[in-house]
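See below for the structure under consideration.
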Amino acid sequence: MQKITVSVLSLAALASCRSAQTTAPAITAPTPAAGKAEASTSRSTVQYPQTKKVDQKDDYFGTFVADPYRWLENLDSPETKAWVEAENKVTFDYLGQIKFRDRIRERLTKIWNYERFGIPQQEGNQLYFSKNDGLQNQAVLYTQQDGQEGQPDVLLDPNKFSADGTTALAGTYFSTNHRYLAYATSGGGSDWQQIKVLDLKTRKPLTDELQWVKVSGAAWYKDGFFYSRYDAPKAGQNQLSGKNEYHKVYYHQLGKPQSTDKLVYEDPKMALGFRTVGTTEDERFLVLYLTNGKADGNRLSVRDLTDPKQANSFTPLISSYEYNNSVVGNVGGQLLVHTNYKAPRYRVVLIDPKKPQEANWKEVLPQTENKLEGVDQVGGYLVASYLKDASSLIKVYTEKGQFKHDVALPAIGTASGFGGKRNSKVVYYAFTSFTYPTTIYKYDLASNTSTVFRAPAVDVKPDDYVTTQVFYSSKDGTKVPMFITHKKGIKLDGKNPTYLYAYGGFNISLTPGFSVARMLWLENGGVLAIPNLRGGGEYGEAWHKAGMTPNKQNVFDDFIAAAEYLKVTGYTTTEKLAMAGGSNGGLLVGATMTQRPDLCGVAFPAVGVMDMLRYQKFTIGWNWAPEYGTSDNYDQFQNLYKFSPLHTLKAGTSYPATMITTADHDDRVVPAHSFKFAAALQAANSGPKPQLIRVDVNAGHGAGKSTKLQIDEWADIWAFAYQNMGVNPYKK
């Protein structure tokens with residue numbers, strides 16, 4: 001069963017925290033007209049570009065809010081582009097003065113250069129898997145006959161999709177008969193996708209090419225597939241910042257032009273919300289997921305494709321938008337549903353579409369003390385992935401819910417995968433932790449045994465490090481877990497450079513994961529701290545709601561308490577503490593540094609949601625309203641105005657050394673958020689530390705980054721952090 005995820009913001013942010021943040025090439029720009037604002041470092045003086053202000057004020061329920069940098073929302077204007085070039089020149093001139101920056105880049109390049117494998121997928125007698133040789137811009141999709149050794153064949157090489165290597169393979173969807181592959185591509189980091197089709201027998205592409213696809217998969221049925229898309233943007237509408245409305249579901253028949261695709265579902269009365277679909281493995285059921293942009297969950301409906309009477313209708317299974325629901329698969333004519341309805345830590349129920357009333361449901365996997373993160377129906381079993389204090393527990397059950405056994409994992413960490421077919425005897429999964437490089441395992445369902453399928457050889461020494469989990473108290477007394485990783489034998493003398501990264505939102509669980517970029521920090525004596533803030537999904541819906549509007553302040557309090565814990569226990573000091581986060585985590589950093597500018601020495605807000613009063617007006621920003629609330633509601637406006645990073649900067653305040661990162665093609669969290677925040681921060685700051693913005697060119701929210709650009713950005717992040725902590729990592 002194809003799984004659809006509808007919270008687009010959170011997924012990308014999670015992905016970025018696993019590997020890398022936004023990146024940028026070296027840019028040659030004209031020398032800007034210098035303003036009077038300047039800040040000193042021990043090595044250079046920063047002169048910021050002169051950023052004009054306009055007389056723009058908005059009336060929010062009688063409160064007039066100035067927006068002097070509104071003009072930076074016009075991303076295509078020559079004026080905005082000139083500002084970006086000028087800011088980038090300042091930033092790269094500053095970074096270019098850091099003497100050890102090149103050595104950091106050289107070391108990152110060396111340790112980045114190792115083979116990395118994706119989780120294999122078996123289709124018929126073929127295995128399909130991705131592999132990056134080390135420094136390739138994009139992972140390559142390979143195929144190999146199951147059970148055979150030897151050189152696999154290249155099926156798709158995304159490195160050849162575009163000249164600059166920034167067009168990514170965004171999704172692969174195999175037809176039920178194993179003959180065709182529908183695959184999605186995205187260019188320059190945009191969320192917009194194109195779907196194309198490859199004939200797996202001839203290895204030749206078909207003529208099919210679908211445009212204006214976003215928040216979609218390809219759900220196969222007979223000689224075509226269902227997918228979701230928007231209408232093409234209207235003339236004059238910026239496709240990277242314009243508001244996305246009226247999502248629709250279509251059926252595409254192979255060999256036909258997109259203009260002939262059959263409309264399957266739309267709601268012309270509801271502009272907002274996503275309409276996405278999936279089909280069960282036997283192609284009997286078409287499952288429809290609906291969100292409304294207001295509540296936090298989705299409606300769940302189904303159509304029996306074998307019943308002519310249902311040719312144009314769907315049967316509602318769960319009609320409320322308040323709960324998260326997904327179909328795991330089906331047992332004959334009944335559907336296995338993963339849901340948090342009356343189960344905040346999730347459960348699995350069996351629903352008969354002919355008798356969908358709740359009284360007729362059968363509970364297959366009841367709620368437990370641990371969150372049921374996901375379930376796969378495979379080989380006649382249900383493989384259930386639980387979270388215990390933000391680490392994976394994997395349990396195997398029969399399709400009727402009878403417990404069989406636990407899957408033994410190598411250590412405390414994160415296991416993912418386990419997908420397959422109803423007749424599969426083996427499945428594949430990945431395991432990773434902070435110092436455990438992502439390793440692919442082959443798992444035999446009947447014998448409950450795992451064997452290594454692919455293990456990477458990385459130029460690091462995982463045994464030199466240790467990870468502990470602590471539980472600290474937040475402002476209101478809530479116990480919050482945090483992973484802390486560092487070299488063995490560290491001294492708690494307050495002198496350790498520390499990188500504090502968090503997310504805290506959208507029901508996303510921040511679990512242990514390997515990042516080669518972070519290994520450079522660790523091998524130079526740094527501490528990595530990852531707290532699991534409220535707003536995330538680590539403990540189920542109650543934990544999530546404790547960090548949603550109107551409770552968002554809890555997330556910032558949890559982050560502040562994490563920083564204070566690291567200082568009180570002797571890991572670090574204010575001067576040697578860097579805090580970071582991306583996307584919703586960028587909001588986290590922005591809000592925290594405005595509330596507590598004395599908390600840390602360095603701040604990295606990446607691709608952040610910084611203007612909380614206008615975020616819903618761009619692309620799919622309206623989808624985040626359940627998480628944040630919007631300024632269109634009086635009470636929610638009052639709450640947002642208190643923590644919106646753009647609006648809580650105070651003139652005459654000394655802020656930590658800050659490097660904002662964003663990308664000019666980010667059509668999820670549009671870069672105007674970061675542009676406006678950077679301009680306001682440079683104007684407000686009265687202290688000596690630099691306030692820079694690094695704008696990646698021809699890139700987006702996190703996808704499609706070339707390896708070189710990822711390495712360049714991480715080199716700049718670590719160089720900036722060390723420079724402003726007064727640390728030279730290579731001075732012995």
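Following the order of the structure tokens, first chain is A, next is B, and so on, with residues numbered from 1 inside each chain and ligands from 1 in the order they appear.
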Every residue of segment 326-420 of chain A that DSSP places in strand (DSSP E or B), as a ChimeraX atom specification
/A:326-331,334-339,347-352,355,362-365,371-378,381-388,391-398,403-406,414-417
Per residue of segment 521-637 of chain A within 6 Å of segment 462-483 of chain A, note the shortest atom pair and the distance in Å to one decimal, counting only C-alpha atoms, and order the rows by chain and increasing residue number, as a tab-separated table.
```
residue	atom	partner	partner_atom	distance
A:Ala529	CA	A:Phe483	CA	5.7
A:Ile530	CA	A:Phe483	CA	5.1
A:Pro531	CA	A:Met482	CA	3.8
A:Asn532	CA	A:Pro481	CA	5.7
A:Asp558	CA	A:Ser474	CA	5.1
A:Ala561	CA	A:Ser474	CA	5.3
```
As a ChimeraX atom specification, please: the residues near Val277 of chain A (cut-off 8 Å, only C-alpha atoms, same-chain neighbours under 2 positions excluded).
/A:4,216-217,219,226-228,249,275,279,286-289
With N, CA, C and O atoms retained, export the selected residues as a JSON list (two decimals), in the first residue's frame.
```
[["chain", "number", "residue", "atom", "x", "y", "z"],
["A", 4, "ILE", "N", 0.94, 7.84, 1.96],
["A", 4, "ILE", "CA", 0.95, 9.26, 1.62],
["A", 4, "ILE", "C", 1.13, 10.06, 2.90],
["A", 4, "ILE", "O", 0.45, 9.83, 3.89],
["A", 216, "SER", "N", 2.13, 14.28, -3.95],
["A", 216, "SER", "CA", 1.53, 13.21, -4.73],
["A", 216, "SER", "C", 2.45, 12.02, -4.82],
["A", 216, "SER", "O", 3.67, 12.13, -4.62],
["A", 217, "GLY", "N", 1.87, 10.88, -5.12],
["A", 217, "GLY", "CA", 2.62, 9.71, -5.55],
["A", 217, "GLY", "C", 2.06, 9.29, -6.89],
["A", 217, "GLY", "O", 1.44, 10.08, -7.60],
["A", 219, "ALA", "N", -0.19, 5.98, -7.89],
["A", 219, "ALA", "CA", -0.86, 4.77, -7.38],
["A", 219, "ALA", "C", -1.37, 3.96, -8.57],
["A", 219, "ALA", "O", -2.36, 4.33, -9.21],
["A", 226, "PHE", "N", -3.14, 6.68, -10.59],
["A", 226, "PHE", "CA", -3.76, 7.86, -10.00],
["A", 226, "PHE", "C", -2.65, 8.77, -9.44],
["A", 226, "PHE", "O", -1.63, 8.29, -8.96],
["A", 227, "TYR", "N", -2.88, 10.07, -9.51],
["A", 227, "TYR", "CA", -1.91, 11.02, -8.96],
["A", 227, "TYR", "C", -2.64, 12.31, -8.63],
["A", 227, "TYR", "O", -3.82, 12.50, -8.97],
["A", 228, "SER", "N", -1.94, 13.25, -7.96],
["A", 228, "SER", "CA", -2.54, 14.52, -7.55],
["A", 228, "SER", "C", -1.76, 15.68, -8.15],
["A", 228, "SER", "O", -0.54, 15.61, -8.29],
["A", 249, "VAL", "N", -7.31, 15.13, -7.82],
["A", 249, "VAL", "CA", -6.84, 13.78, -8.11],
["A", 249, "VAL", "C", -7.24, 13.41, -9.53],
["A", 249, "VAL", "O", -8.40, 13.60, -9.93],
["A", 275, "ARG", "N", -5.57, 16.51, -1.51],
["A", 275, "ARG", "CA", -6.35, 15.34, -1.90],
["A", 275, "ARG", "C", -5.36, 14.34, -2.49],
["A", 275, "ARG", "O", -4.83, 14.56, -3.58],
["A", 279, "THR", "N", -3.39, 2.98, -3.74],
["A", 279, "THR", "CA", -4.12, 1.74, -4.06],
["A", 279, "THR", "C", -3.52, 0.60, -3.25],
["A", 279, "THR", "O", -2.33, 0.60, -2.94],
["A", 286, "LEU", "N", -9.12, 1.82, -3.88],
["A", 286, "LEU", "CA", -8.54, 3.15, -4.04],
["A", 286, "LEU", "C", -8.84, 3.92, -2.77],
["A", 286, "LEU", "O", -10.01, 4.10, -2.40],
["A", 287, "VAL", "N", -7.79, 4.36, -2.08],
["A", 287, "VAL", "CA", -7.95, 5.03, -0.79],
["A", 287, "VAL", "C", -7.73, 6.52, -0.98],
["A", 287, "VAL", "O", -6.74, 6.95, -1.58],
["A", 288, "LEU", "N", -8.65, 7.32, -0.48],
["A", 288, "LEU", "CA", -8.61, 8.78, -0.62],
["A", 288, "LEU", "C", -8.34, 9.42, 0.74],
["A", 288, "LEU", "O", -9.05, 9.16, 1.72],
["A", 289, "TYR", "N", -7.30, 10.27, 0.78],
["A", 289, "TYR", "CA", -6.95, 11.02, 1.99],
["A", 289, "TYR", "C", -7.26, 12.49, 1.74],
["A", 289, "TYR", "O", -6.83, 13.07, 0.74]]
```
Skipping near chain neighbours, those fewer than 4 positions away, what residues fall within 8 Å of segment 502-511 of chain A using only C-alpha atoms, listed as a tab-separated table (two decimals) with all heavy atoms, in the first residue's frame?
```
chain	number	residue	atom	x	y	z
A	7	SER	N	1.95	16.26	5.63
A	7	SER	CA	2.60	17.41	6.28
A	7	SER	C	3.94	17.65	5.61
A	7	SER	O	4.98	17.16	6.03
A	7	SER	CB	2.80	17.16	7.77
A	7	SER	OG	3.36	18.28	8.38
A	10	SER	N	7.21	19.39	7.47
A	10	SER	CA	7.96	18.64	8.46
A	10	SER	C	8.87	17.61	7.84
A	10	SER	O	9.96	17.35	8.34
A	10	SER	CB	6.99	17.96	9.44
A	10	SER	OG	6.01	17.23	8.74
A	11	LEU	N	8.45	16.97	6.76
A	11	LEU	CA	9.28	15.94	6.14
A	11	LEU	C	10.59	16.51	5.65
A	11	LEU	O	11.65	15.92	5.84
A	11	LEU	CB	8.53	15.29	4.99
A	11	LEU	CG	7.48	14.27	5.40
A	11	LEU	CD1	6.84	13.67	4.17
A	11	LEU	CD2	8.10	13.18	6.24
A	13	ALA	N	12.14	19.15	6.60
A	13	ALA	CA	12.99	19.58	7.70
A	13	ALA	C	13.66	18.41	8.35
A	13	ALA	O	14.80	18.45	8.74
A	13	ALA	CB	12.16	20.34	8.72
A	14	LEU	N	12.93	17.28	8.52
A	14	LEU	CA	13.52	16.10	9.10
A	14	LEU	C	14.63	15.58	8.23
A	14	LEU	O	15.70	15.22	8.71
A	14	LEU	CB	12.46	15.02	9.28
A	14	LEU	CG	12.95	13.69	9.84
A	14	LEU	CD1	13.47	13.88	11.25
A	14	LEU	CD2	11.85	12.65	9.84
A	390	ALA	N	12.22	7.76	21.81
A	390	ALA	CA	12.78	8.26	20.55
A	390	ALA	C	13.72	7.27	19.86
A	390	ALA	O	14.46	7.66	18.95
A	390	ALA	CB	13.48	9.60	20.74
A	391	SER	N	13.71	5.99	20.26
A	391	SER	CA	14.49	4.97	19.58
A	391	SER	C	13.57	3.85	19.12
A	391	SER	O	12.49	3.63	19.68
A	391	SER	CB	15.57	4.40	20.50
A	391	SER	OG	16.54	5.38	20.79
A	413	GLY	N	18.93	3.02	18.36
A	413	GLY	CA	19.00	3.84	17.15
A	413	GLY	C	17.70	3.82	16.40
A	413	GLY	O	16.61	3.67	17.00
A	414	THR	N	17.79	3.97	15.08
A	414	THR	CA	16.61	4.10	14.23
A	414	THR	C	16.62	3.02	13.15
A	414	THR	O	17.59	2.90	12.39
A	414	THR	CB	16.58	5.48	13.56
A	414	THR	OG1	16.63	6.49	14.56
A	414	THR	CG2	15.32	5.65	12.73
A	530	ILE	N	20.89	16.51	20.87
A	530	ILE	CA	19.62	16.45	20.13
A	530	ILE	C	18.49	16.23	21.12
A	530	ILE	O	18.22	15.10	21.55
A	530	ILE	CB	19.61	15.31	19.09
A	530	ILE	CG1	20.86	15.34	18.22
A	530	ILE	CG2	18.35	15.39	18.24
A	530	ILE	CD1	20.90	16.44	17.20
A	531	PRO	N	17.79	17.28	21.55
A	531	PRO	CA	16.64	17.10	22.43
A	531	PRO	C	15.37	16.79	21.64
A	531	PRO	O	15.22	17.23	20.50
A	531	PRO	CB	16.52	18.46	23.14
A	531	PRO	CG	17.06	19.43	22.14
A	531	PRO	CD	18.11	18.70	21.33
A	532	ASN	N	14.47	16.03	22.26
A	532	ASN	CA	13.18	15.68	21.64
A	532	ASN	C	12.09	16.55	22.23
A	532	ASN	O	11.39	16.17	23.17
A	532	ASN	CB	12.88	14.20	21.85
A	532	ASN	CG	13.94	13.30	21.22
A	532	ASN	OD1	14.74	12.70	21.91
A	532	ASN	ND2	13.95	13.24	19.91
A	533	LEU	N	11.95	17.74	21.68
A	533	LEU	CA	11.06	18.76	22.22
A	533	LEU	C	9.60	18.40	22.03
A	533	LEU	O	9.23	17.65	21.12
A	533	LEU	CB	11.34	20.11	21.55
A	533	LEU	CG	12.81	20.53	21.41
A	533	LEU	CD1	12.90	21.88	20.72
A	533	LEU	CD2	13.51	20.55	22.76
A	534	ARG	N	8.76	18.99	22.87
A	534	ARG	CA	7.32	18.87	22.65
A	534	ARG	C	6.97	19.48	21.28
A	534	ARG	O	7.65	20.36	20.78
A	534	ARG	CB	6.56	19.56	23.78
A	534	ARG	CG	6.49	18.72	25.03
A	534	ARG	CD	5.82	19.45	26.18
A	534	ARG	NE	6.69	20.46	26.78
A	534	ARG	CZ	6.39	21.19	27.86
A	534	ARG	NH1	5.20	21.01	28.45
A	534	ARG	NH2	7.24	22.07	28.35
A	535	GLY	N	5.88	19.01	20.71
A	535	GLY	CA	5.54	19.38	19.34
A	535	GLY	C	5.92	18.27	18.38
A	535	GLY	O	5.36	18.14	17.30
A	536	GLY	N	6.91	17.46	18.76
A	536	GLY	CA	7.31	16.31	17.96
A	536	GLY	C	6.38	15.13	18.19
A	536	GLY	O	5.39	15.21	18.92
A	537	GLY	N	6.74	14.01	17.56
A	537	GLY	CA	5.86	12.84	17.64
A	537	GLY	C	6.40	11.71	18.48
A	537	GLY	O	5.88	10.59	18.44
A	538	GLU	N	7.44	11.96	19.27
A	538	GLU	CA	8.13	10.88	19.97
A	538	GLU	C	7.23	10.11	20.95
A	538	GLU	O	7.43	8.92	21.16
A	538	GLU	CB	9.34	11.44	20.72
A	538	GLU	CG	10.46	11.92	19.81
A	538	GLU	CD	10.30	13.34	19.29
A	538	GLU	OE1	9.23	13.96	19.57
A	538	GLU	OE2	11.21	13.83	18.62
A	540	GLY	N	3.65	10.40	20.87
A	540	GLY	CA	2.26	10.38	20.43
A	540	GLY	C	1.63	11.75	20.37
A	540	GLY	O	2.28	12.79	20.54
A	541	GLU	N	0.32	11.75	20.17
A	541	GLU	CA	-0.38	12.99	19.88
A	541	GLU	C	-0.42	13.95	21.07
A	541	GLU	O	-0.43	15.18	20.89
A	541	GLU	CB	-1.81	12.68	19.41
A	541	GLU	CG	-2.56	13.87	18.84
A	541	GLU	CD	-1.88	14.52	17.64
A	541	GLU	OE1	-1.04	13.85	16.99
A	541	GLU	OE2	-2.18	15.69	17.35
A	544	HIS	N	2.68	15.89	20.88
A	544	HIS	CA	2.58	16.80	19.74
A	544	HIS	C	1.75	18.02	20.10
A	544	HIS	O	2.18	19.17	19.92
A	544	HIS	CB	1.97	16.04	18.56
A	544	HIS	CG	1.69	16.89	17.36
A	544	HIS	ND1	0.65	16.64	16.48
A	544	HIS	CD2	2.28	18.02	16.90
A	544	HIS	CE1	0.66	17.55	15.54
A	544	HIS	NE2	1.62	18.40	15.77
A	547	GLY	N	2.94	21.05	22.02
A	547	GLY	CA	3.79	22.04	21.37
A	547	GLY	C	3.13	22.72	20.20
A	547	GLY	O	3.81	23.40	19.42
A	548	MET	N	1.81	22.54	20.04
A	548	MET	CA	1.06	23.22	18.98
A	548	MET	C	0.42	24.48	19.53
A	548	MET	O	0.34	24.68	20.73
A	548	MET	CB	-0.03	22.29	18.43
A	548	MET	CG	0.45	21.06	17.68
A	548	MET	SD	-0.92	19.95	17.27
A	548	MET	CE	-1.91	21.01	16.20
A	555	VAL	N	7.63	24.67	23.27
A	555	VAL	CA	8.74	24.18	22.46
A	555	VAL	C	9.98	25.04	22.70
A	555	VAL	O	11.09	24.53	22.88
A	555	VAL	CB	8.36	24.19	20.97
A	555	VAL	CG1	9.48	23.56	20.13
A	555	VAL	CG2	7.06	23.44	20.74
A	559	PHE	N	13.62	24.03	24.49
A	559	PHE	CA	14.92	24.26	23.84
A	559	PHE	C	15.83	25.06	24.75
A	559	PHE	O	17.02	24.75	24.90
A	559	PHE	CB	14.67	24.99	22.52
A	559	PHE	CG	15.81	24.91	21.54
A	559	PHE	CD1	16.47	23.73	21.28
A	559	PHE	CD2	16.20	26.05	20.84
A	559	PHE	CE1	17.51	23.67	20.35
A	559	PHE	CE2	17.23	26.01	19.90
A	559	PHE	CZ	17.90	24.81	19.66
A	580	ALA	N	20.92	25.26	16.50
A	580	ALA	CA	20.59	25.16	15.08
A	580	ALA	C	19.27	24.44	14.89
A	580	ALA	O	18.83	23.65	15.73
A	580	ALA	CB	21.70	24.41	14.34
A	581	GLY	N	18.64	24.73	13.76
A	581	GLY	CA	17.41	24.05	13.39
A	581	GLY	C	17.00	24.48	12.00
A	581	GLY	O	17.37	25.57	11.54
A	582	GLY	N	16.28	23.61	11.30
A	582	GLY	CA	15.86	23.91	9.94
A	582	GLY	C	14.37	23.84	9.75
A	582	GLY	O	13.69	23.01	10.35
A	584	ASN	N	10.76	24.32	10.34
A	584	ASN	CA	10.12	24.61	11.61
A	584	ASN	C	11.18	24.78	12.70
A	584	ASN	O	11.02	25.57	13.63
A	584	ASN	CB	9.17	23.47	11.98
A	584	ASN	CG	8.60	23.59	13.37
A	584	ASN	OD1	7.76	24.43	13.64
A	584	ASN	ND2	9.07	22.74	14.27
A	585	GLY	N	12.31	24.07	12.56
A	585	GLY	CA	13.43	24.27	13.47
A	585	GLY	C	14.11	25.61	13.28
A	585	GLY	O	14.73	26.13	14.21
A	588	LEU	N	12.21	27.77	15.39
A	588	LEU	CA	12.63	27.49	16.76
A	588	LEU	C	13.85	28.32	17.14
A	588	LEU	O	13.89	28.96	18.20
A	588	LEU	CB	12.93	26.00	16.90
A	588	LEU	CG	13.61	25.54	18.18
A	588	LEU	CD1	12.66	25.68	19.37
A	588	LEU	CD2	14.07	24.08	18.05
A	627	GLU	N	-0.88	23.71	13.01
A	627	GLU	CA	0.27	23.65	13.91
A	627	GLU	C	0.50	24.99	14.60
A	627	GLU	O	0.82	25.02	15.80
A	627	GLU	CB	1.52	23.28	13.10
A	627	GLU	CG	2.73	22.97	13.93
A	627	GLU	CD	2.70	21.59	14.55
A	627	GLU	OE1	1.86	20.75	14.16
A	627	GLU	OE2	3.53	21.34	15.45
```
Would you tabulate, counting only C-alpha atoms, all residues of segment 338-424 of chain A that have an atom at most 7 Å from an atom of segment 315-326 of chain A, showing the closest pair of atoms and their distance in Å to one decimal, sorted by chain then ascending number, as CSV?
```
residue,atom,partner,partner_atom,distance
A:His338,CA,A:Ser326,CA,5.3
A:Thr339,CA,A:Asn325,CA,4.5
A:Asn340,CA,A:Asn324,CA,5.9
A:Tyr341,CA,A:Tyr323,CA,5.7
A:Pro353,CA,A:Thr315,CA,6.9
A:Pro356,CA,A:Leu317,CA,5.6
```
Calculated over only C-alpha atoms, which of the candidates A:Ser644, A:Gly687, A:Gly570, A:Thr661 has the smallest distance to Val65 of chain A?
A:Ser644
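If you measure from each of A:Arg101, A:Lys89, A:Lys222, A:Lys342 to Pro49 of chain A using only C-alpha atoms, the closest one turns out to be A:Lys89.
Taking only C-alpha atoms, the non-local environment of Ala719 of chain A within 8 Å (same-chain residues fewer than 6 positions away omitted) comprises Leu95, Ile98, Phe100, Arg101 and Ile104 of chain A.
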Print the selection's residues with C-alpha atoms to a file, as a PDB file, in the first residue's frame.
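As written to disk, selection.pdb reads:
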```pdb
ATOM      1  CA  LEU A  95      33.843  33.271   5.374  1.00  0.00           C
ATOM      2  CA  ILE A  98      38.585  32.165   8.065  1.00  0.00           C
ATOM      3  CA  PHE A 100      40.929  26.934   8.600  1.00  0.00           C
ATOM      4  CA  ARG A 101      37.835  26.923   6.360  1.00  0.00           C
ATOM      5  CA  ILE A 104      37.475  21.783   7.076  1.00  0.00           C
TER       6      ILE A 104
END
```
Within 10 Å of Ala603 of chain A using only C-alpha atoms, minus same-chain residues under 6 positions, as JSON, numbers by chain:
{"A": [499, 500, 577, 578, 579, 580, 581, 586, 589, 590, 592, 593, 597, 655, 656, 657, 658, 659, 660, 691, 720, 721]}
Give me the residues within 9 Å of segment 170-174 of chain A as a PDB file with C-alpha atoms, in the first residue's frame, counting only C-alpha atoms and dropping any in the same chain fewer than 2 places off.
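out_3.pdb, freshly written:
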```
ATOM      1  CA  GLN A   2       1.417   3.343  -1.019  1.00  0.00           C
ATOM      2  CA  GLU A 123       9.768  -6.217  -7.746  1.00  0.00           C
ATOM      3  CA  THR A 167      17.509  17.751 -10.559  1.00  0.00           C
ATOM      4  CA  ALA A 168      16.644  14.987  -8.108  1.00  0.00           C
ATOM      5  CA  THR A 176       1.849  -4.092  -9.997  1.00  0.00           C
ATOM      6  CA  ASN A 177       2.887  -6.269 -12.959  1.00  0.00           C
ATOM      7  CA  HIS A 178       6.545  -5.095 -12.570  1.00  0.00           C
ATOM      8  CA  ARG A 179       6.579  -3.831 -16.178  1.00  0.00           C
ATOM      9  CA  TYR A 180       6.665  -0.072 -15.653  1.00  0.00           C
ATOM     10  CA  LEU A 181       8.238   2.465 -13.356  1.00  0.00           C
ATOM     11  CA  ALA A 182       6.644   5.861 -12.820  1.00  0.00           C
ATOM     12  CA  TYR A 183       9.209   8.224 -11.383  1.00  0.00           C
ATOM     13  CA  ALA A 184       9.065  11.804 -10.186  1.00  0.00           C
ATOM     14  CA  THR A 185      11.774  14.413 -10.657  1.00  0.00           C
ATOM     15  CA  SER A 186      12.176  17.837  -9.085  1.00  0.00           C
ATOM     16  CA  GLN A 193       7.495  17.580  -9.652  1.00  0.00           C
ATOM     17  CA  ILE A 195       6.217  12.368 -13.431  1.00  0.00           C
ATOM     18  CA  GLY A 217       2.617   9.713  -5.546  1.00  0.00           C
ATOM     19  CA  ALA A 218       1.663   7.441  -8.431  1.00  0.00           C
ATOM     20  CA  ALA A 219      -0.855   4.774  -7.382  1.00  0.00           C
ATOM     21  CA  TRP A 220      -0.986   2.107 -10.100  1.00  0.00           C
ATOM     22  CA  ALA A 703      16.211  18.395  -2.048  1.00  0.00           C
ATOM     23  CA  GLY A 704      18.409  18.316  -5.135  1.00  0.00           C
TER      24      GLY A 704
END
```
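For segment 282-424 of chain A, backbone-based DSSP labels the following residues as helix (DSSP H, G or I): A:Pro308, A:Lys309, A:Gln310, A:Glu358, A:Ala359, A:Asn360.
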Using N, CA, C and O atoms, can you write the selected residues to a file as a short mmCIF file (atom, residue, chain, number, x, y, z; two decimals), in the first residue's frame?
```cif
data_model
loop_
_atom_site.label_atom_id
_atom_site.label_comp_id
_atom_site.auth_asym_id
_atom_site.auth_seq_id
_atom_site.Cartn_x
_atom_site.Cartn_y
_atom_site.Cartn_z
N PRO A 308 -18.71 -2.00 -9.77
CA PRO A 308 -19.16 -0.97 -10.71
C PRO A 308 -20.06 0.08 -10.08
O PRO A 308 -20.12 1.22 -10.55
N LYS A 309 -20.76 -0.28 -9.01
CA LYS A 309 -21.67 0.66 -8.36
C LYS A 309 -20.92 1.80 -7.68
O LYS A 309 -21.50 2.84 -7.39
N GLN A 310 -19.61 1.60 -7.43
CA GLN A 310 -18.83 2.63 -6.76
C GLN A 310 -17.91 3.38 -7.73
O GLN A 310 -16.95 4.03 -7.32
N GLU A 358 -18.12 2.55 13.43
CA GLU A 358 -17.12 2.27 14.45
C GLU A 358 -17.46 1.03 15.27
O GLU A 358 -16.56 0.28 15.69
N ALA A 359 -18.73 0.78 15.49
CA ALA A 359 -19.15 -0.38 16.29
C ALA A 359 -18.70 -1.69 15.65
O ALA A 359 -18.60 -2.72 16.34
N ASN A 360 -18.43 -1.66 14.36
CA ASN A 360 -18.04 -2.88 13.65
C ASN A 360 -16.53 -3.04 13.50
O ASN A 360 -16.06 -4.04 12.94
#
```
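Across A:Phe434, A:Phe61, A:Tyr386, A:Tyr94, the tightest approach to Thr485 of chain A is made by A:Phe434 when counting only C-alpha atoms.
The space between atom CA of Asp199 of chain A and atom CA of Leu127 of chain A spans 15.8 Å.
In terms of minimum interatomic distance to Trp192 of chain A, A:Asp667 ranks closest within A:Glu87, A:Asp712, A:Asp93, A:Asp667, counting only C-alpha atoms.
In this structure, atom CA of Ala408 of chain A sits 28.9 Å away from atom CA of Leu141 of chain A.
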Quick one: distance from atom CA of Ala295 of chain A to atom CA of Ser631 of chain A in Å, one decimal?
15.9 Å
Find the residue from A:Val375, A:Leu640, A:Ala446, A:Ile119 that sits nearest to Lys404 of chain A; use only C-alpha atoms when measuring.
A:Ala446
